[in-house]
file input_14.txt (compact mmCIF, C-alpha atoms and all ligand atoms)
# COMPACT_ATOMS: atom_id res chain seq x y z
CA MET A 2 -44.88 6.18 73.85
CA THR A 3 -48.09 5.48 71.97
CA ALA A 4 -50.03 2.36 72.85
CA LYS A 5 -49.66 -0.59 70.53
CA PRO A 6 -52.77 -1.53 68.52
CA VAL A 7 -54.61 -4.46 70.06
CA ILE A 8 -55.06 -7.76 68.19
CA ALA A 9 -57.71 -10.05 69.68
CA ILE A 10 -57.07 -13.71 68.94
CA ASP A 11 -59.44 -16.66 69.15
CA VAL A 12 -58.23 -19.97 70.61
CA ASP A 13 -60.03 -22.91 69.00
CA ASP A 14 -59.09 -23.54 65.37
CA VAL A 15 -56.90 -20.44 65.32
CA LEU A 16 -54.27 -21.16 67.96
CA ALA A 17 -55.30 -24.68 68.94
CA GLN A 18 -56.16 -27.51 66.55
CA HIS A 19 -59.58 -28.07 68.05
CA ALA A 20 -61.73 -29.56 65.27
CA GLU A 21 -59.22 -32.38 64.77
CA SER A 22 -59.49 -33.40 68.43
CA PHE A 23 -63.26 -32.98 68.48
CA VAL A 24 -63.67 -35.28 65.48
CA GLU A 25 -61.24 -37.87 66.82
CA TYR A 26 -62.89 -37.90 70.23
CA SER A 27 -66.39 -38.16 68.73
CA ASN A 28 -65.45 -41.00 66.44
CA GLN A 29 -63.84 -42.94 69.26
CA LYS A 30 -66.44 -42.23 71.89
CA TRP A 31 -69.72 -42.23 69.98
CA GLY A 32 -68.85 -44.21 66.86
CA THR A 33 -69.34 -41.32 64.44
CA SER A 34 -67.32 -41.17 61.23
CA LEU A 35 -66.70 -37.46 61.11
CA THR A 36 -63.90 -35.65 59.33
CA VAL A 37 -62.69 -32.13 60.03
CA ASP A 38 -64.80 -30.89 57.10
CA ASP A 39 -67.96 -32.04 58.92
CA TYR A 40 -67.19 -29.82 61.88
CA ASP A 41 -69.59 -27.02 62.82
CA GLU A 42 -69.92 -25.13 66.09
CA HIS A 43 -73.50 -26.41 66.39
CA TRP A 44 -72.59 -29.73 67.87
CA ALA A 45 -76.15 -31.10 67.99
CA LYS A 46 -76.21 -30.75 64.21
CA VAL A 47 -72.83 -32.43 63.76
CA TRP A 48 -73.79 -35.35 65.99
CA GLN A 49 -77.41 -35.36 64.77
CA VAL A 50 -78.73 -35.55 68.32
CA ASP A 51 -81.14 -33.40 70.35
CA ILE A 52 -79.98 -30.50 72.49
CA ALA A 53 -80.10 -32.45 75.77
CA GLU A 54 -77.87 -35.18 74.36
CA ALA A 55 -75.56 -32.60 72.77
CA LEU A 56 -75.11 -30.87 76.13
CA ARG A 57 -74.42 -34.23 77.81
CA ARG A 58 -71.77 -35.06 75.19
CA ARG A 59 -70.35 -31.57 75.38
CA ASP A 60 -69.82 -31.92 79.12
CA GLU A 61 -68.16 -35.28 78.59
CA PHE A 62 -65.87 -33.84 75.90
CA VAL A 63 -65.04 -30.76 77.97
CA ASN A 64 -64.36 -32.82 81.10
CA SER A 65 -62.28 -35.39 79.21
CA LYS A 66 -59.29 -33.04 79.38
CA VAL A 67 -58.40 -33.68 75.73
CA HIS A 68 -58.18 -29.89 75.51
CA ASP A 69 -55.03 -30.03 77.62
CA ASN A 70 -53.29 -31.84 74.77
CA PHE A 71 -54.45 -29.76 71.82
CA ILE A 72 -51.75 -29.17 69.24
CA ALA A 73 -50.85 -25.55 68.50
CA HIS A 74 -51.28 -24.44 64.88
CA THR A 75 -48.12 -24.53 62.77
CA ASP A 76 -45.96 -21.40 63.15
CA SER A 77 -48.37 -19.77 65.60
CA ASP A 78 -45.71 -19.50 68.30
CA THR A 79 -43.11 -17.76 66.14
CA ALA A 80 -45.77 -15.54 64.56
CA LEU A 81 -47.05 -14.40 67.96
CA LYS A 82 -43.56 -13.53 69.14
CA LEU A 83 -43.02 -11.38 66.04
CA LEU A 84 -46.42 -9.70 66.27
CA ALA A 85 -45.91 -8.95 69.97
CA GLU A 86 -43.11 -6.55 69.01
CA SER A 87 -45.56 -4.15 67.36
CA PHE A 88 -48.99 -5.13 68.72
CA GLU A 89 -50.66 -5.83 72.04
CA LEU A 90 -51.87 -9.41 71.83
CA ARG A 91 -54.96 -10.56 73.66
CA ILE A 92 -57.00 -13.75 73.67
CA VAL A 93 -60.78 -13.57 73.27
CA THR A 94 -62.44 -16.97 73.53
CA SER A 95 -66.00 -18.19 73.86
CA ARG A 96 -64.89 -21.30 75.71
CA LEU A 97 -66.93 -22.16 78.79
CA LEU A 98 -65.83 -20.50 82.01
CA SER A 99 -65.47 -23.97 83.49
CA MET A 100 -62.56 -24.45 81.07
CA LYS A 101 -60.75 -21.34 82.20
CA GLU A 102 -58.06 -22.95 84.32
CA GLY A 103 -57.14 -25.58 81.72
CA THR A 104 -57.17 -22.94 78.97
CA LEU A 105 -54.81 -20.63 80.88
CA GLU A 106 -52.45 -23.55 81.46
CA TRP A 107 -52.52 -24.60 77.80
CA ILE A 108 -51.82 -21.06 76.59
CA GLU A 109 -48.90 -20.64 78.96
CA GLN A 110 -47.47 -23.98 77.97
CA ALA A 111 -47.91 -23.39 74.21
CA TYR A 112 -46.85 -19.70 74.22
CA PRO A 113 -44.78 -19.10 77.34
CA GLY A 114 -44.74 -15.44 78.39
CA VAL A 115 -46.81 -14.19 75.42
CA PHE A 116 -50.17 -13.64 77.16
CA SER A 117 -50.47 -12.52 80.78
CA GLU A 118 -53.65 -13.66 82.51
CA ASP A 119 -55.22 -10.18 82.37
CA ARG A 120 -55.01 -10.34 78.57
CA ILE A 121 -57.04 -13.53 78.29
CA HIS A 122 -60.79 -12.87 78.05
CA PHE A 123 -63.69 -15.30 78.31
CA ALA A 124 -66.78 -13.91 76.58
CA GLY A 125 -68.99 -16.54 78.22
CA ILE A 126 -71.29 -16.81 75.19
CA TRP A 127 -72.15 -20.47 75.71
CA ASP A 128 -72.40 -20.21 79.49
CA LYS A 129 -75.66 -18.32 79.17
CA LEU A 130 -77.36 -21.48 77.93
CA GLU A 131 -77.55 -22.75 81.47
CA SER A 132 -76.92 -19.87 83.81
CA HIS A 133 -77.64 -16.20 84.24
CA SER A 134 -74.00 -15.22 84.18
CA HIS A 135 -72.98 -12.04 82.43
CA ALA A 136 -72.52 -13.42 78.94
CA MET A 137 -71.04 -10.98 76.45
CA THR A 138 -70.61 -11.36 72.73
CA LYS A 139 -67.10 -11.32 71.38
CA THR A 140 -67.76 -7.87 69.97
CA ASP A 141 -68.63 -6.56 73.45
CA VAL A 142 -65.25 -7.78 74.61
CA LEU A 143 -63.50 -6.29 71.55
CA LYS A 144 -64.98 -2.89 72.35
CA GLN A 145 -64.10 -3.19 76.02
CA ILE A 146 -60.45 -3.93 75.29
CA GLY A 147 -60.20 -1.47 72.39
CA ALA A 148 -59.24 -4.07 69.80
CA SER A 149 -58.25 -2.89 66.33
CA TYR A 150 -58.07 -6.40 64.88
CA LEU A 151 -59.73 -9.76 65.44
CA ILE A 152 -58.35 -13.10 64.25
CA ASP A 153 -61.14 -15.72 64.32
CA ASP A 154 -62.23 -18.76 62.31
CA GLN A 155 -65.98 -18.08 62.71
CA LEU A 156 -67.63 -15.91 60.07
CA LYS A 157 -70.23 -14.56 62.50
CA HIS A 158 -67.58 -13.13 64.82
CA CYS A 159 -65.73 -11.59 61.87
CA TYR A 160 -68.92 -10.00 60.52
CA ALA A 161 -69.90 -8.63 63.93
CA ALA A 162 -66.39 -7.30 64.51
CA SER A 163 -66.24 -5.56 61.14
CA GLU A 164 -69.61 -3.95 61.77
CA ALA A 165 -68.14 -2.58 64.99
CA GLY A 166 -65.19 -1.08 63.08
CA VAL A 167 -62.70 -3.82 63.93
CA GLN A 168 -60.57 -5.21 61.09
CA ALA A 169 -61.33 -8.92 60.93
CA ILE A 170 -59.00 -11.66 59.81
CA LEU A 171 -60.91 -14.84 59.01
CA PHE A 172 -58.55 -17.65 59.95
CA GLY A 173 -58.23 -20.83 57.93
CA ASP A 174 -59.99 -22.26 54.93
CA TYR A 175 -62.35 -24.57 56.73
CA GLY A 176 -65.57 -26.32 55.75
CA TRP A 177 -67.44 -24.17 58.27
CA ASN A 178 -66.10 -20.77 57.24
CA GLN A 179 -66.68 -20.71 53.49
CA ALA A 180 -68.25 -17.60 51.95
CA SER A 181 -68.86 -16.70 48.33
CA SER A 182 -67.52 -13.21 48.98
CA LEU A 183 -66.24 -11.28 51.96
CA PRO A 184 -66.67 -7.58 52.78
CA LYS A 185 -63.48 -5.59 52.20
CA ASP A 186 -62.68 -5.28 55.89
CA ILE A 187 -62.70 -9.06 56.37
CA THR A 188 -59.57 -10.77 55.06
CA ARG A 189 -59.10 -14.50 54.95
CA CYS A 190 -55.69 -15.77 56.06
CA ARG A 191 -55.23 -19.48 55.52
CA ASP A 192 -52.47 -19.94 58.08
CA TRP A 193 -50.13 -18.09 60.42
CA ALA A 194 -47.63 -17.34 57.64
CA ALA A 195 -50.42 -15.48 55.82
CA ILE A 196 -51.24 -13.58 59.01
CA LEU A 197 -47.64 -12.37 59.29
CA GLU A 198 -47.85 -11.22 55.70
CA TYR A 199 -51.12 -9.38 56.41
CA PHE A 200 -49.61 -7.50 59.34
CA HIS A 201 -46.29 -6.87 57.63
CA ASP A 202 -47.14 -3.32 56.49
CA LYS A 203 -49.56 -2.44 59.30
MG MG B 301 -62.58 -20.62 66.95
call {"tool": "encode", "arguments": {"input": "input_14.txt", "output": "structure tokens"}}
result
Amino acid sequence: MTAKPVIAIDVDDVLAQHAESFVEYSNQKWGTSLTVDDYDEHWAKVWQVDIAEALRRRDEFVNSKVHDNFIAHTDSDTALKLLAESFELRIVTSRLLSMKEGTLEWIEQAYPGVFSEDRIHFAGIWDKLESHSHAMTKTDVLKQIGASYLIDDQLKHCYAASEAGVQAILFGDYGWNQASSLPKDITRCRDWAAILEYFHDK
């Protein structure tokens, strides 16, 4: 039997509705009036605060456990079950390692039996800000696991993946992932129904 091609899947804003919770938490906690369109992964910029304050807020947000209650994206569960028939599904996230336990629990609760723990990878990109841990880029992880595809909402990860020969699916049509044009090996899929369509003839 030949091995199934590997699809690497991001968590935040691909599987989990993260920006919605981030914005709601920020507005409640720090009196901002953000909408999902204001979201950007550079939180200091979104909050218009310095790095030290951004890190303090980040820790508060991360420790608040709101991540445990993230809502899964529409149709992601049924789509994953279908894709799992023909592909090996793996998670590649840049969430902090301190969030590992909660992330594993959320994934198992949202998609029971779809991802075993050894198929959930933490790149540790943001951890390097404060430690000397072995931080890898997502592309390092993609190479290590032999991924053929990446599904991610961040343009930079899609660009890096495509440069490494991985077919990239840019997820969603978000304020933070607009581009005037995309290289031919990066395909935007607005939702999970579009992803199923993309993989239909693969
Ligand atoms: Mg993401």
call {"tool": "residues_near_ligand", "arguments": {"input": "input_14.txt", "ligand": "ligand MG 301 (chain B)", "cutoff": "9 Å", "atoms": "only C-alpha atoms and all ligand atoms", "output": "ChimeraX atom specification"}}
result
/A:11-17,19,42,94-95,153-155,172
call {"tool": "atom_distance", "arguments": {"input": "input_14.txt", "atom1": "atom CA of Gln49 of chain A", "atom2": "atom CA of Thr33 of chain A"}}
result
10.0 Å
call {"tool": "closest_residue", "arguments": {"input": "input_14.txt", "among": "A:Ile152, A:Leu143, A:Thr75, A:Ser181", "to": "Ala169 of chain A", "atoms": "all atoms listed in the file"}}
result
A:Ile152
call {"tool": "residues_around", "arguments": {"input": "input_14.txt", "residues": "Asp174 of chain A", "least_positions_apart": "4", "cutoff": "12 Å", "atoms": "all atoms listed in the file", "output": "list in words"}}
result
Asp14, Val15, Val37, Asp38, Asp153, Asp154, Gln155, Leu156, Ile170, Asn178, Gln179, Ala180, Thr188, Arg189, Cys190, Arg191, Asp192 and Ala195 of chain A
call {"tool": "residues_around", "arguments": {"input": "input_14.txt", "residues": "Gly147 of chain A", "least_positions_apart": "3", "cutoff": "10 Å", "atoms": "all atoms listed in the file", "output": "VMD selection string"}}
result
chain A and resid 6 to 9 141 to 144 150 167
call {"tool": "closest_residue", "arguments": {"input": "input_14.txt", "among": "A:Asp51, A:Glu61, A:Asp76, A:Asp41", "to": "Ala194 of chain A", "atoms": "all atoms listed in the file"}}
result
A:Asp76
call {"tool": "atom_distance", "arguments": {"input": "input_14.txt", "atom1": "atom CA of Ile196 of chain A", "atom2": "atom CA of His122 of chain A"}}
result
21.3 Å
call {"tool": "build_atoms", "arguments": {"input": "input_14.txt", "residues": "segment 90-107 of chain A", "atoms": "N, CA and C atoms", "output": "CSV table (one decimal), in the frame of the given file"}}
result
chain,number,residue,atom,x,y,z
A,90,LEU,N,-51.1,-8.2,72.1
A,90,LEU,CA,-51.9,-9.4,71.8
A,90,LEU,C,-52.8,-9.8,73.0
A,91,ARG,N,-54.0,-10.1,72.6
A,91,ARG,CA,-55.0,-10.6,73.7
A,91,ARG,C,-55.7,-11.8,73.1
A,92,ILE,N,-56.2,-12.6,74.0
A,92,ILE,CA,-57.0,-13.8,73.7
A,92,ILE,C,-58.5,-13.4,74.0
A,93,VAL,N,-59.3,-13.7,73.0
A,93,VAL,CA,-60.8,-13.6,73.3
A,93,VAL,C,-61.4,-14.9,72.8
A,94,THR,N,-61.9,-15.6,73.8
A,94,THR,CA,-62.4,-17.0,73.5
A,94,THR,C,-63.9,-17.1,74.0
A,95,SER,N,-64.7,-17.9,73.4
A,95,SER,CA,-66.0,-18.2,73.9
A,95,SER,C,-66.1,-19.5,74.6
A,96,ARG,N,-64.9,-20.1,74.9
A,96,ARG,CA,-64.9,-21.3,75.7
A,96,ARG,C,-65.7,-21.1,77.0
A,97,LEU,N,-66.2,-22.2,77.5
A,97,LEU,CA,-66.9,-22.2,78.8
A,97,LEU,C,-66.0,-21.7,79.9
A,98,LEU,N,-66.6,-21.0,80.9
A,98,LEU,CA,-65.8,-20.5,82.0
A,98,LEU,C,-65.3,-21.7,82.8
A,99,SER,N,-66.0,-22.8,82.8
A,99,SER,CA,-65.5,-24.0,83.5
A,99,SER,C,-64.1,-24.5,82.9
A,100,MET,N,-63.8,-24.0,81.7
A,100,MET,CA,-62.6,-24.4,81.1
A,100,MET,C,-61.4,-23.4,81.3
A,101,LYS,N,-61.7,-22.4,82.1
A,101,LYS,CA,-60.8,-21.3,82.2
A,101,LYS,C,-59.4,-21.8,82.7
A,102,GLU,N,-59.3,-22.6,83.7
A,102,GLU,CA,-58.1,-23.0,84.3
A,102,GLU,C,-57.2,-23.7,83.3
A,103,GLY,N,-57.8,-24.7,82.7
A,103,GLY,CA,-57.1,-25.6,81.7
A,103,GLY,C,-56.7,-24.8,80.5
A,104,THR,N,-57.5,-23.8,80.1
A,104,THR,CA,-57.2,-22.9,79.0
A,104,THR,C,-56.0,-22.1,79.3
A,105,LEU,N,-56.0,-21.5,80.5
A,105,LEU,CA,-54.8,-20.6,80.9
A,105,LEU,C,-53.5,-21.5,80.9
A,106,GLU,N,-53.6,-22.7,81.4
A,106,GLU,CA,-52.4,-23.6,81.5
A,106,GLU,C,-52.0,-23.9,80.1
A,107,TRP,N,-52.9,-24.2,79.2
A,107,TRP,CA,-52.5,-24.6,77.8
A,107,TRP,C,-51.8,-23.4,77.1
